[in-house]
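Working notes, beginning with the structure itself.
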Amino acid sequence: MKTLKIMCLYPNEMNIYGDHGNLLTLQKRAQWHGFETEYIQHEPDKPLDTTADIIIGGGGQDSGQDKIQADLLKNGAVLRQLAADGVPMLMICGLYQLFGHYFETHAGHHIDGIGLFDAWTKAGPTRLIGNVITETELGEIIGYENHSGLTHLNKNQSAFGRVIKGAGNNGADGTEGARRYNVFGSYLHGPILPKNPLLADELIKIAATNKFGKFTPRKIDDCLARQARNIAATRPR
Ligand code: GLN
């Protein structure tokens, strides 16, 4: 049996609005596609396992971001190298922000990030909350945002998608998330993967191709995901 190792960064501190569902979805869909999965939980001050095939991370309160900052910065060079090597990653909201250069909170407190994305974030005057629809290279992605941070992509940083409905990175320039190598950053909770099987399968496909040279998807019935998407798409928040 072929095994895919899925690592979650800081699941105690960075895991809100259902982000844990991303792990469950990857585990389940990888199994449905014929793989075994192994779960690696990365916590602050533990050595970072560099053998993960997929790395995910969730959102968090400003205080959670503060707690994991030192460990994240310590592992920044390794994570940037794994990204350059093509390891697929998905970072949501709070960790998406810290995969950029920094997040500046309302209080003016700087939480530094690892600069994998050429982007920076500053807390805005209101929280951006609600269902979001975006158009990406993979197709339409639907999720739920809840953040104070306004993220700005520097000019060579590509977005993950363009907002059709909702605020996205900053509510002003129409971008949502960021993409570099096989690393996806996004504001979308919901969680994002159960509602977007195409993104879950993309991460699995990249991981399986990196490790085993090919990926042959199996047919999966996604009717529940379709129902969840339809409901989210018609609700303002
Ligand atoms: N604390 C950050 C913000 O408010 C991230 C929030 C989140 O991860 N949902 O922007």
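Here, A, B, ... name the chains of the structure tokens in the order displayed, residue numbers run from 1 inside each chain, and ligands are numbered from 1 in the same displayed order.
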Per residue of range 38-153 of chain A within 12 Å of range 211-227 of chain A, which atom pair is closest and at what distance in Å (one decimal), using only C-alpha atoms, listed by chain and increasing number, as CSV?
```
residue,atom,partner,partner_atom,distance
A:Thr51,CA,A:Lys211,CA,10.6
A:Ala52,CA,A:Lys211,CA,10.4
A:Asp53,CA,A:Lys211,CA,7.6
A:Ile54,CA,A:Lys211,CA,10.7
A:Asp85,CA,A:Lys211,CA,11.8
A:Gly86,CA,A:Lys211,CA,10.7
A:Val87,CA,A:Lys211,CA,9.8
A:Pro88,CA,A:Lys211,CA,11.4
A:Glu140,CA,A:Arg226,CA,11.8
A:Ile141,CA,A:Arg226,CA,11.6
A:Ile142,CA,A:Ala225,CA,10.5
A:Gly143,CA,A:Ala225,CA,11.6
```
- DSSP says strand (DSSP E or B) for which residues of chain A? Put them as a ChimeraX atom specification? /A:3-9,36-42,54-57,89-92,102-104,110-112,119-136,139-153,158,161-165,175-176,178-180,183-186,189
- Mind checking which residues fall within 10 Å of Gly149 in chain A, counting only C-alpha atoms, ignoring those fewer than 5 positions away in the same chain, and posting them as JSON, numbers by chain? {"A": [62, 93, 94, 97, 103, 104, 105, 106, 120, 121, 122, 123, 124, 125, 126, 127, 128, 169, 170, 187]}
Print the selection's residues with N, CA, C and O atoms to a file, as a tab-separated table (two decimals), in the first residue's frame.
```tsv
chain	number	residue	atom	x	y	z
A	62	ASP	N	-5.29	36.34	16.66
A	62	ASP	CA	-4.00	37.03	16.67
A	62	ASP	C	-3.10	36.42	17.76
A	62	ASP	O	-1.90	36.26	17.56
A	93	CYS	N	-5.90	31.47	6.11
A	93	CYS	CA	-6.09	32.66	6.92
A	93	CYS	C	-4.88	33.02	7.79
A	93	CYS	O	-3.92	33.57	7.29
A	94	GLY	N	-4.91	32.71	9.08
A	94	GLY	CA	-3.83	33.14	9.97
A	94	GLY	C	-2.47	32.63	9.51
A	94	GLY	O	-1.47	33.36	9.58
A	97	GLN	N	-1.46	34.38	6.27
A	97	GLN	CA	-0.85	35.69	6.55
A	97	GLN	C	0.63	35.54	6.93
A	97	GLN	O	1.48	36.31	6.49
A	103	PHE	N	2.15	40.13	9.66
A	103	PHE	CA	0.79	40.59	9.95
A	103	PHE	C	0.90	41.65	11.04
A	103	PHE	O	1.46	41.38	12.11
A	104	GLU	N	0.38	42.83	10.76
A	104	GLU	CA	0.39	43.89	11.78
A	104	GLU	C	-1.01	43.98	12.37
A	104	GLU	O	-1.99	44.23	11.66
A	105	THR	N	-1.12	43.74	13.68
A	105	THR	CA	-2.43	43.70	14.33
A	105	THR	C	-2.96	45.12	14.56
A	105	THR	O	-2.24	46.11	14.37
A	106	HIS	N	-4.22	45.19	15.04
A	106	HIS	CA	-4.83	46.49	15.38
A	106	HIS	C	-3.98	47.30	16.33
A	106	HIS	O	-3.91	48.52	16.25
A	120	TRP	N	2.00	41.10	2.38
A	120	TRP	CA	2.01	41.59	3.76
A	120	TRP	C	0.58	41.92	4.17
A	120	TRP	O	-0.28	42.17	3.31
A	121	THR	N	0.35	41.90	5.47
A	121	THR	CA	-1.02	42.02	5.97
A	121	THR	C	-1.08	43.00	7.12
A	121	THR	O	-0.22	42.99	8.01
A	122	LYS	N	-2.13	43.82	7.10
A	122	LYS	CA	-2.31	44.80	8.19
A	122	LYS	C	-3.78	44.75	8.58
A	122	LYS	O	-4.66	44.70	7.68
A	123	ALA	N	-4.07	44.75	9.88
A	123	ALA	CA	-5.46	44.71	10.32
A	123	ALA	C	-6.21	45.94	9.82
A	123	ALA	O	-5.69	47.06	9.88
A	124	GLY	N	-7.43	45.71	9.32
A	124	GLY	CA	-8.25	46.82	8.82
A	124	GLY	C	-9.29	47.23	9.85
A	124	GLY	O	-9.38	46.65	10.93
A	125	PRO	N	-10.13	48.22	9.53
A	125	PRO	CA	-11.09	48.77	10.50
A	125	PRO	C	-12.26	47.84	10.83
A	125	PRO	O	-12.83	47.94	11.90
A	126	THR	N	-12.62	46.96	9.90
A	126	THR	CA	-13.76	46.06	10.17
A	126	THR	C	-13.36	44.64	9.82
A	126	THR	O	-12.49	44.41	8.98
A	127	ARG	N	-14.05	43.68	10.45
A	127	ARG	CA	-13.80	42.28	10.07
A	127	ARG	C	-14.53	41.99	8.77
A	127	ARG	O	-15.65	42.45	8.55
A	128	LEU	N	-13.91	41.22	7.93
A	128	LEU	CA	-14.52	40.80	6.67
A	128	LEU	C	-15.06	39.39	6.89
A	128	LEU	O	-14.30	38.46	7.14
A	169	ASN	N	-8.68	39.04	-0.32
A	169	ASN	CA	-7.47	39.50	0.36
A	169	ASN	C	-7.67	40.82	1.11
A	169	ASN	O	-7.15	41.00	2.20
A	170	ASN	N	-8.38	41.75	0.50
A	170	ASN	CA	-8.45	43.07	1.13
A	170	ASN	C	-9.74	43.84	0.80
A	170	ASN	O	-9.88	44.99	1.20
A	187	TYR	N	-7.83	32.80	2.28
A	187	TYR	CA	-8.60	33.20	3.46
A	187	TYR	C	-9.77	32.26	3.72
A	187	TYR	O	-10.46	32.42	4.73
```
- Best match for closeness to Ile192 in chain A among A:Pro236, A:Gly108, A:Gly58, A:Gly115, counting only C-alpha atoms: A:Gly58
- When you draw a straight line from CA of Leu24 in chain A to CA of Leu193 in chain A, how long is it in Å?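 Computing the Euclidean distance for CA of Leu24 in chain A and CA of Leu193 in chain A yields 9.1 Å.
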- Looking at A:Ile92, A:Met7, A:Leu72, A:Leu82, which one is nearest to ligand 1, with distances taken over only C-alpha atoms and all ligand atoms?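 Selected residue with least distance to ligand 1: A:Ile92.
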- Message: Among range 13-221 of chain A, which residues does DSSP mark as alpha helix (DSSP H) when it is run on the backbone? Keep the chain and numbering as in the structure and answer as a PyMOL selection string.
- Response: chain A and resi 20-32+62-74+76-84+93-98+192-195+197-212
For the residues in the current selection, export C-alpha atoms as an mmCIF file, in the first residue's frame.
```cif
data_model
loop_
_atom_site.group_PDB
_atom_site.id
_atom_site.type_symbol
_atom_site.label_atom_id
_atom_site.label_comp_id
_atom_site.auth_asym_id
_atom_site.auth_seq_id
_atom_site.Cartn_x
_atom_site.Cartn_y
_atom_site.Cartn_z
ATOM 1 C CA HIS A 20 -9.631 20.632 11.006
ATOM 2 C CA GLY A 21 -12.024 19.403 8.302
ATOM 3 C CA ASN A 22 -9.248 19.972 5.772
ATOM 4 C CA LEU A 23 -7.198 17.227 7.375
ATOM 5 C CA LEU A 24 -10.187 14.857 7.506
ATOM 6 C CA THR A 25 -10.974 15.531 3.857
ATOM 7 C CA LEU A 26 -7.416 14.878 2.712
ATOM 8 C CA GLN A 27 -7.244 11.677 4.740
ATOM 9 C CA LYS A 28 -10.567 10.412 3.418
ATOM 10 C CA ARG A 29 -10.073 11.368 -0.217
ATOM 11 C CA ALA A 30 -6.515 10.004 -0.262
ATOM 12 C CA GLN A 31 -7.924 6.702 1.022
ATOM 13 C CA TRP A 32 -10.694 6.752 -1.584
ATOM 14 C CA ASP A 62 -3.998 37.033 16.673
ATOM 15 C CA SER A 63 -2.905 35.511 20.016
ATOM 16 C CA GLY A 64 -2.494 32.078 18.413
ATOM 17 C CA GLN A 65 -0.408 33.600 15.639
ATOM 18 C CA ASP A 66 1.766 35.221 18.276
ATOM 19 C CA LYS A 67 2.284 31.895 20.056
ATOM 20 C CA ILE A 68 3.538 30.023 17.008
ATOM 21 C CA GLN A 69 5.559 32.850 15.476
ATOM 22 C CA ALA A 70 8.944 31.896 16.948
ATOM 23 C CA ASP A 71 8.678 28.261 15.906
ATOM 24 C CA LEU A 72 7.448 29.191 12.432
ATOM 25 C CA LEU A 73 10.329 31.608 11.915
ATOM 26 C CA LYS A 74 12.791 28.971 13.131
ATOM 27 C CA GLY A 76 11.034 29.247 7.742
ATOM 28 C CA ALA A 77 14.088 28.282 5.660
ATOM 29 C CA VAL A 78 13.148 24.596 5.725
ATOM 30 C CA LEU A 79 9.535 25.327 4.733
ATOM 31 C CA ARG A 80 10.681 27.604 1.903
ATOM 32 C CA GLN A 81 12.999 24.848 0.666
ATOM 33 C CA LEU A 82 10.244 22.208 0.834
ATOM 34 C CA ALA A 83 8.023 24.584 -1.137
ATOM 35 C CA ALA A 84 10.744 25.109 -3.761
ATOM 36 C CA CYS A 93 -6.086 32.662 6.923
ATOM 37 C CA GLY A 94 -3.827 33.143 9.970
ATOM 38 C CA LEU A 95 -1.097 30.884 8.590
ATOM 39 C CA TYR A 96 -1.609 32.253 5.086
ATOM 40 C CA GLN A 97 -0.852 35.685 6.553
ATOM 41 C CA LEU A 98 2.300 34.359 8.250
ATOM 42 C CA ILE A 192 -12.324 24.867 2.266
ATOM 43 C CA LEU A 193 -11.505 21.287 1.266
ATOM 44 C CA PRO A 194 -14.812 19.469 1.922
ATOM 45 C CA LYS A 195 -16.563 22.076 -0.226
ATOM 46 C CA PRO A 197 -12.955 18.482 -3.810
ATOM 47 C CA LEU A 198 -11.042 19.765 -6.834
ATOM 48 C CA LEU A 199 -8.569 21.549 -4.545
ATOM 49 C CA ALA A 200 -8.269 18.538 -2.208
ATOM 50 C CA ASP A 201 -7.606 16.277 -5.183
ATOM 51 C CA GLU A 202 -5.098 18.735 -6.626
ATOM 52 C CA LEU A 203 -3.040 18.546 -3.403
ATOM 53 C CA ILE A 204 -3.277 14.744 -3.423
ATOM 54 C CA LYS A 205 -2.392 14.579 -7.120
ATOM 55 C CA ILE A 206 0.716 16.737 -6.664
ATOM 56 C CA ALA A 207 1.808 14.751 -3.592
ATOM 57 C CA ALA A 208 1.246 11.379 -5.262
ATOM 58 C CA THR A 209 3.006 12.451 -8.464
ATOM 59 C CA ASN A 210 5.980 13.798 -6.467
ATOM 60 C CA LYS A 211 6.287 10.562 -4.530
ATOM 61 C CA PHE A 212 5.165 7.797 -6.867
#
```
- Query: Of the candidates A:Glu176, A:Asp118, A:Asp49, A:Glu13, which shows the shortest atom-to-atom distance to ligand 1, using only C-alpha atoms and all ligand atoms?
  - Reply: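 Of A:Glu176, A:Asp118, A:Asp49, A:Glu13, the one nearest ligand 1 is A:Glu13, counting only C-alpha atoms and all ligand atoms.
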